[in-house]
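K.L.:
So I've got this file, target-v9.pdb, and it contains PDB, C-alpha atoms:
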ATOM      1  CA  MET A   1     110.735  -1.999  46.207
ATOM      2  CA  GLU A   2     108.446  -3.796  43.790
ATOM      3  CA  GLY A   3     111.042  -3.242  41.085
ATOM      4  CA  LEU A   4     113.653  -4.983  43.225
ATOM      5  CA  ALA A   5     111.440  -8.036  43.749
ATOM      6  CA  ALA A   6     110.740  -8.172  40.004
ATOM      7  CA  SER A   7     114.471  -7.871  39.324
ATOM      8  CA  MET A   8     115.258 -10.754  41.679
ATOM      9  CA  LEU A   9     112.661 -12.992  40.053
ATOM     10  CA  GLY A  10     113.892 -11.939  36.619
ATOM     11  CA  ILE A  11     117.488 -12.798  37.531
ATOM     12  CA  ALA A  12     116.459 -16.249  38.744
ATOM     13  CA  ARG A  13     114.550 -16.907  35.513
ATOM     14  CA  LEU A  14     117.359 -15.550  33.328
ATOM     15  CA  TYR A  15     119.902 -17.661  35.219
ATOM     16  CA  PHE A  16     118.016 -20.870  34.408
ATOM     17  CA  ASP A  17     117.465 -19.734  30.809
ATOM     18  CA  CYS A  18     121.236 -19.188  30.483
ATOM     19  CA  VAL A  19     121.985 -22.591  32.027
ATOM     20  CA  SER A  20     119.539 -24.176  29.556
ATOM     21  CA  ALA A  21     121.210 -22.341  26.663
ATOM     22  CA  GLN A  22     124.621 -23.496  27.913
ATOM     23  CA  LEU A  23     123.387 -27.108  27.980
ATOM     24  CA  GLY A  24     121.462 -26.930  24.721
ATOM     25  CA  GLU A  25     117.845 -27.885  24.104
ATOM     26  CA  ALA A  26     118.546 -31.631  24.106
ATOM     27  CA  GLU A  27     120.062 -31.362  27.592
ATOM     28  CA  HIS A  28     117.368 -29.108  29.139
ATOM     29  CA  VAL A  29     116.572 -29.759  32.799
ATOM     30  CA  HIS A  30     113.590 -28.223  34.574
ATOM     31  CA  PRO A  31     114.698 -25.827  37.349
ATOM     32  CA  ARG A  32     112.911 -27.953  39.986
ATOM     33  CA  GLN A  33     114.788 -31.073  38.892
ATOM     34  CA  ALA A  34     118.262 -29.533  39.022
ATOM     35  CA  PRO A  35     118.589 -29.477  42.831
ATOM     36  CA  ILE A  36     117.569 -33.140  43.045
ATOM     37  CA  LEU A  37     120.191 -34.148  40.490
ATOM     38  CA  GLY A  38     122.807 -32.071  42.316
ATOM     39  CA  MET A  39     121.941 -33.513  45.721
ATOM     40  CA  LEU A  40     122.053 -37.086  44.418
ATOM     41  CA  LEU A  41     125.368 -36.421  42.682
ATOM     42  CA  HIS A  42     126.922 -35.633  46.067
ATOM     43  CA  ASN A  43     125.004 -38.276  48.067
ATOM     44  CA  GLU A  44     125.022 -41.884  46.891
ATOM     45  CA  GLY A  45     121.354 -42.536  47.648
ATOM     46  CA  MET A  46     118.670 -40.621  49.512
ATOM     47  CA  SER A  47     115.073 -41.227  50.475
ATOM     48  CA  GLN A  48     112.445 -38.862  49.121
ATOM     49  CA  ALA A  49     111.864 -37.591  52.671
ATOM     50  CA  ASP A  50     115.583 -36.874  53.153
ATOM     51  CA  LEU A  51     115.701 -35.059  49.812
ATOM     52  CA  ALA A  52     112.682 -32.948  50.753
ATOM     53  CA  ARG A  53     114.272 -31.973  54.077
ATOM     54  CA  ALA A  54     117.642 -31.188  52.502
ATOM     55  CA  LEU A  55     116.100 -29.098  49.721
ATOM     56  CA  LYS A  56     113.526 -27.473  52.025
ATOM     57  CA  VAL A  57     110.586 -28.446  49.811
ATOM     58  CA  THR A  58     107.551 -30.621  50.367
ATOM     59  CA  PRO A  59     107.726 -34.394  49.913
ATOM     60  CA  ALA A  60     105.076 -34.025  47.185
ATOM     61  CA  THR A  61     107.358 -31.682  45.222
ATOM     62  CA  VAL A  62     110.162 -34.245  45.384
ATOM     63  CA  ALA A  63     107.781 -37.057  44.417
ATOM     64  CA  VAL A  64     106.615 -35.276  41.245
ATOM     65  CA  SER A  65     110.135 -34.352  40.121
ATOM     66  CA  ALA A  66     111.522 -37.777  41.045
ATOM     67  CA  ALA A  67     108.856 -39.512  38.977
ATOM     68  CA  ARG A  68     109.766 -37.383  35.951
ATOM     69  CA  LEU A  69     113.497 -37.960  36.442
ATOM     70  CA  GLU A  70     112.861 -41.691  36.753
ATOM     71  CA  ARG A  71     110.852 -41.721  33.498
ATOM     72  CA  LEU A  72     113.737 -39.892  31.800
ATOM     73  CA  GLY A  73     116.159 -42.556  33.042
ATOM     74  CA  PHE A  74     118.193 -40.168  35.212
ATOM     75  CA  ILE A  75     117.381 -41.726  38.567
ATOM     76  CA  CYS A  76     116.305 -45.116  39.831
ATOM     77  CA  ARG A  77     114.820 -46.499  43.019
ATOM     78  CA  ARG A  78     116.740 -49.154  44.867
ATOM     79  CA  ARG A  79     116.660 -50.834  48.253
ATOM     80  CA  ASN A  80     118.292 -49.001  51.104
ATOM     81  CA  ALA A  81     121.373 -50.973  52.166
ATOM     82  CA  ARG A  82     120.679 -50.205  55.845
ATOM     83  CA  ASN A  83     116.926 -50.772  55.767
ATOM     84  CA  GLN A  84     115.787 -53.367  53.225
ATOM     85  CA  ARG A  85     112.158 -52.253  53.579
ATOM     86  CA  ALA A  86     112.920 -48.720  52.385
ATOM     87  CA  ASN A  87     113.827 -47.363  48.959
ATOM     88  CA  VAL A  88     116.322 -44.663  48.106
ATOM     89  CA  LEU A  89     116.704 -42.586  44.968
ATOM     90  CA  ALA A  90     120.026 -42.770  43.175
ATOM     91  CA  LEU A  91     121.457 -41.473  39.916
ATOM     92  CA  THR A  92     121.766 -43.805  36.978
ATOM     93  CA  GLN A  93     124.934 -43.549  34.890
ATOM     94  CA  THR A  94     123.005 -41.343  32.445
ATOM     95  CA  GLY A  95     121.801 -39.229  35.374
ATOM     96  CA  ARG A  96     125.326 -38.894  36.748
ATOM     97  CA  VAL A  97     126.567 -37.562  33.387
ATOM     98  CA  LYS A  98     123.557 -35.217  33.170
ATOM     99  CA  ALA A  99     124.089 -33.922  36.726
ATOM    100  CA  GLN A 100     127.784 -33.301  36.085
ATOM    101  CA  ARG A 101     127.034 -31.390  32.857
ATOM    102  CA  LEU A 102     124.395 -29.393  34.697
ATOM    103  CA  LEU A 103     126.836 -28.413  37.457
ATOM    104  CA  GLU A 104     129.430 -27.368  34.877
ATOM    105  CA  ALA A 105     126.854 -25.229  33.028
ATOM    106  CA  MET A 106     125.698 -23.633  36.293
ATOM    107  CA  GLU A 107     129.295 -22.787  37.205
ATOM    108  CA  ALA A 108     129.928 -21.231  33.788
ATOM    109  CA  VAL A 109     126.799 -19.072  34.092
ATOM    110  CA  ARG A 110     127.676 -18.139  37.695
ATOM    111  CA  LEU A 111     131.085 -16.887  36.566
ATOM    112  CA  VAL A 112     129.494 -14.688  33.907
ATOM    113  CA  ALA A 113     126.817 -13.381  36.299
ATOM    114  CA  PHE A 114     129.376 -12.251  38.883
ATOM    115  CA  GLU A 115     131.894 -10.869  36.396
ATOM    116  CA  GLY A 116     133.182  -7.458  37.453
ATOM    117  CA  PHE A 117     132.047  -7.724  41.073
ATOM    118  CA  SER A 118     134.655  -7.281  43.788
ATOM    119  CA  GLU A 119     135.000  -9.816  46.596
ATOM    120  CA  GLU A 120     133.568  -7.194  48.953
ATOM    121  CA  GLU A 121     130.524  -6.612  46.730
ATOM    122  CA  LEU A 122     129.908 -10.357  46.492
ATOM    123  CA  ALA A 123     130.174 -10.674  50.275
ATOM    124  CA  HIS A 124     127.607  -7.870  50.718
ATOM    125  CA  LEU A 125     125.274  -9.427  48.157
ATOM    126  CA  ASP A 126     125.559 -12.815  49.876
ATOM    127  CA  SER A 127     124.820 -11.177  53.223
ATOM    128  CA  TYR A 128     121.740  -9.391  51.846
ATOM    129  CA  CYS A 129     120.405 -12.594  50.302
ATOM    130  CA  ALA A 130     120.980 -14.507  53.546
ATOM    131  CA  ARG A 131     119.065 -11.837  55.485
ATOM    132  CA  MET A 132     116.137 -11.943  53.049
ATOM    133  CA  THR A 133     116.053 -15.729  53.294
ATOM    134  CA  GLN A 134     116.127 -15.543  57.097
ATOM    135  CA  ASN A 135     113.323 -12.942  57.110
ATOM    136  CA  LEU A 136     111.099 -15.032  54.856
ATOM    137  CA  ARG A 137     111.759 -18.327  56.627
ATOM    138  CA  GLY A 138     111.241 -16.725  60.030
ATOM    139  CA  ARG A 139     107.899 -15.282  59.048
ATOM    140  CA  TYR A 140     106.369 -17.858  56.737
ATOM    141  CA  GLN A 141     107.878 -21.144  57.855
ATOM    142  CA  SER A 142     107.463 -20.558  61.579
ATOM    143  CA  GLY A 143     103.693 -20.532  61.209
ATOM    144  CA  GLU A 144     103.526 -16.809  61.975
ATOM    145  CA  GLU A 145     101.625 -16.080  58.746
ATOM    146  CA  LYS A 146      99.889 -18.280  56.228
TER     147      LYS A 146
END
Let me see the structure of the file written as structure tokens.
P.N.:
Amino acid sequence: MEGLAASMLGIARLYFDCVSAQLGEAEHVHPRQAPILGMLLHNEGMSQADLARALKVTPATVAVSAARLERLGFICRRRNARNQRANVLALTQTGRVKAQRLLEAMEAVRLVAFEGFSEEELAHLDSYCARMTQNLRGRYQSGEEK
């Protein structure tokens, strides 16, 4: 069992290493920043709280990554069109290009990772991952264990 957990963590790390290699060193994106770029690519502007909820992370995690992405010029803060007192995070043009390249690199790596798997095997793997996610969320996010 411990070998399986190590394998899963190793696959996640290798996946991001392969995405980074696909992008090249100059285009490197930290794994925690990638989901924010992806979410903002598909949503015109989001508050930090909305991003945290959508990504199932803490607001503090979003705040740290957002600050870094803002310093890099990939995102900007602007007034919410519906609520002038609130700010939303949005991609800059540079950020939009970066997010699109990132998605393309992730897709290329995904295709290589799943090469040779049948549709049935992929469906089983997806089902197993969904069950593990449900088990972990049910136990640790419901307050059952700390």
K.L.:
Using the chain letters and numbers from the file, give me the residues hit by the PyMOL selection byres ((chain A and resi 20) around 10), as a list in words.
P.N.:
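After applying the PyMOL selection byres ((chain A and resi 20) around 10), what remains is Leu14, Tyr15, Phe16, Asp17, Cys18, Val19, Ala21, Gln22, Leu23, Gly24, Glu25, Ala26, Glu27, His28, Val29, His30, Pro31, Leu102, Ala105, Met106 and Val109 of chain A.
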K.L.:
Can you pull out the residues contacting Gln33 in chain A? Cut-off 10 Å, using all atoms listed in the file, and skip same-chain residues under 4 positions away; I want them as a PDB file with C-alpha atoms, in the frame of the given file.
P.N.:
ATOM      1  CA  VAL A  29     116.572 -29.759  32.799  1.00  0.00           C
ATOM      2  CA  LEU A  37     120.191 -34.148  40.490  1.00  0.00           C
ATOM      3  CA  GLY A  38     122.807 -32.071  42.316  1.00  0.00           C
ATOM      4  CA  THR A  61     107.358 -31.682  45.222  1.00  0.00           C
ATOM      5  CA  VAL A  62     110.162 -34.245  45.384  1.00  0.00           C
ATOM      6  CA  VAL A  64     106.615 -35.276  41.245  1.00  0.00           C
ATOM      7  CA  SER A  65     110.135 -34.352  40.121  1.00  0.00           C
ATOM      8  CA  ALA A  66     111.522 -37.777  41.045  1.00  0.00           C
ATOM      9  CA  ARG A  68     109.766 -37.383  35.951  1.00  0.00           C
ATOM     10  CA  LEU A  69     113.497 -37.960  36.442  1.00  0.00           C
ATOM     11  CA  ALA A  99     124.089 -33.922  36.726  1.00  0.00           C
TER      12      ALA A  99
END
K.L.:
Return as a Markdown table the residues of range 2-95 of chain A lying at most 12 Å from range 126-144 of chain A, together with the closest atom-to-atom pair for each and the distance in Å to one decimal, counting all atoms listed in the file, with rows in chain order and ascending residue number.
P.N.:
| residue | atom | partner | partner_atom | distance |
| --- | --- | --- | --- | --- |
| A:Ala5 | CA | A:Met132 | CA | 11.1 |
| A:Met8 | CA | A:Cys129 | CA | 10.2 |
| A:Lys56 | CA | A:Gln141 | CA | 10.3 |
| A:Val57 | CA | A:Gln141 | CA | 11.2 |
K.L.:
Could the residues in this selection be saved with C-alpha atoms as a PDB file, in the coordinates of the input?
P.N.:
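Result file is result.pdb:
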ATOM      1  CA  ALA A   5     111.440  -8.036  43.749  1.00  0.00           C
ATOM      2  CA  MET A   8     115.258 -10.754  41.679  1.00  0.00           C
ATOM      3  CA  LYS A  56     113.526 -27.473  52.025  1.00  0.00           C
ATOM      4  CA  VAL A  57     110.586 -28.446  49.811  1.00  0.00           C
TER       5      VAL A  57
END
K.L.:
Given the file shown, determine the residues that the PyMOL selection byres ((chain A and resi 39) around 12) selects; report them as a ChimeraX atom specification.
P.N.:
/A:33-38,40-48,50-55,62,75,89-91,95-96,99-100,103
K.L.:
Kindly export the residues of the current selection with C-alpha atoms, as a PDB file, in the coordinates of the input.
P.N.:
ATOM      1  CA  GLN A  33     114.788 -31.073  38.892  1.00  0.00           C
ATOM      2  CA  ALA A  34     118.262 -29.533  39.022  1.00  0.00           C
ATOM      3  CA  PRO A  35     118.589 -29.477  42.831  1.00  0.00           C
ATOM      4  CA  ILE A  36     117.569 -33.140  43.045  1.00  0.00           C
ATOM      5  CA  LEU A  37     120.191 -34.148  40.490  1.00  0.00           C
ATOM      6  CA  GLY A  38     122.807 -32.071  42.316  1.00  0.00           C
ATOM      7  CA  LEU A  40     122.053 -37.086  44.418  1.00  0.00           C
ATOM      8  CA  LEU A  41     125.368 -36.421  42.682  1.00  0.00           C
ATOM      9  CA  HIS A  42     126.922 -35.633  46.067  1.00  0.00           C
ATOM     10  CA  ASN A  43     125.004 -38.276  48.067  1.00  0.00           C
ATOM     11  CA  GLU A  44     125.022 -41.884  46.891  1.00  0.00           C
ATOM     12  CA  GLY A  45     121.354 -42.536  47.648  1.00  0.00           C
ATOM     13  CA  MET A  46     118.670 -40.621  49.512  1.00  0.00           C
ATOM     14  CA  SER A  47     115.073 -41.227  50.475  1.00  0.00           C
ATOM     15  CA  GLN A  48     112.445 -38.862  49.121  1.00  0.00           C
ATOM     16  CA  ASP A  50     115.583 -36.874  53.153  1.00  0.00           C
ATOM     17  CA  LEU A  51     115.701 -35.059  49.812  1.00  0.00           C
ATOM     18  CA  ALA A  52     112.682 -32.948  50.753  1.00  0.00           C
ATOM     19  CA  ARG A  53     114.272 -31.973  54.077  1.00  0.00           C
ATOM     20  CA  ALA A  54     117.642 -31.188  52.502  1.00  0.00           C
ATOM     21  CA  LEU A  55     116.100 -29.098  49.721  1.00  0.00           C
ATOM     22  CA  VAL A  62     110.162 -34.245  45.384  1.00  0.00           C
ATOM     23  CA  ILE A  75     117.381 -41.726  38.567  1.00  0.00           C
ATOM     24  CA  LEU A  89     116.704 -42.586  44.968  1.00  0.00           C
ATOM     25  CA  ALA A  90     120.026 -42.770  43.175  1.00  0.00           C
ATOM     26  CA  LEU A  91     121.457 -41.473  39.916  1.00  0.00           C
ATOM     27  CA  GLY A  95     121.801 -39.229  35.374  1.00  0.00           C
ATOM     28  CA  ARG A  96     125.326 -38.894  36.748  1.00  0.00           C
ATOM     29  CA  ALA A  99     124.089 -33.922  36.726  1.00  0.00           C
ATOM     30  CA  GLN A 100     127.784 -33.301  36.085  1.00  0.00           C
ATOM     31  CA  LEU A 103     126.836 -28.413  37.457  1.00  0.00           C
TER      32      LEU A 103
END
K.L.:
Select, from A:Thr92, A:Arg32, A:Glu119, A:Arg13, the residue with the minimum atom-to-atom distance to Arg71 in chain A, counting all atoms listed in the file.
P.N.:
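Of A:Thr92, A:Arg32, A:Glu119, A:Arg13, the one nearest Arg71 in chain A, counting all atoms listed in the file, is A:Thr92.
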K.L.:
Put a box with edges along x, y and z around all the listed atoms of range 106-119 of chain A, pad it by 6 Å on each side, then give me its centre and sizes in Å, one decimal, as JSON.
P.N.:
{"center_x": 130.3, "center_y": -15.5, "center_z": 40.2, "size_x": 21.3, "size_y": 28.4, "size_z": 24.8}
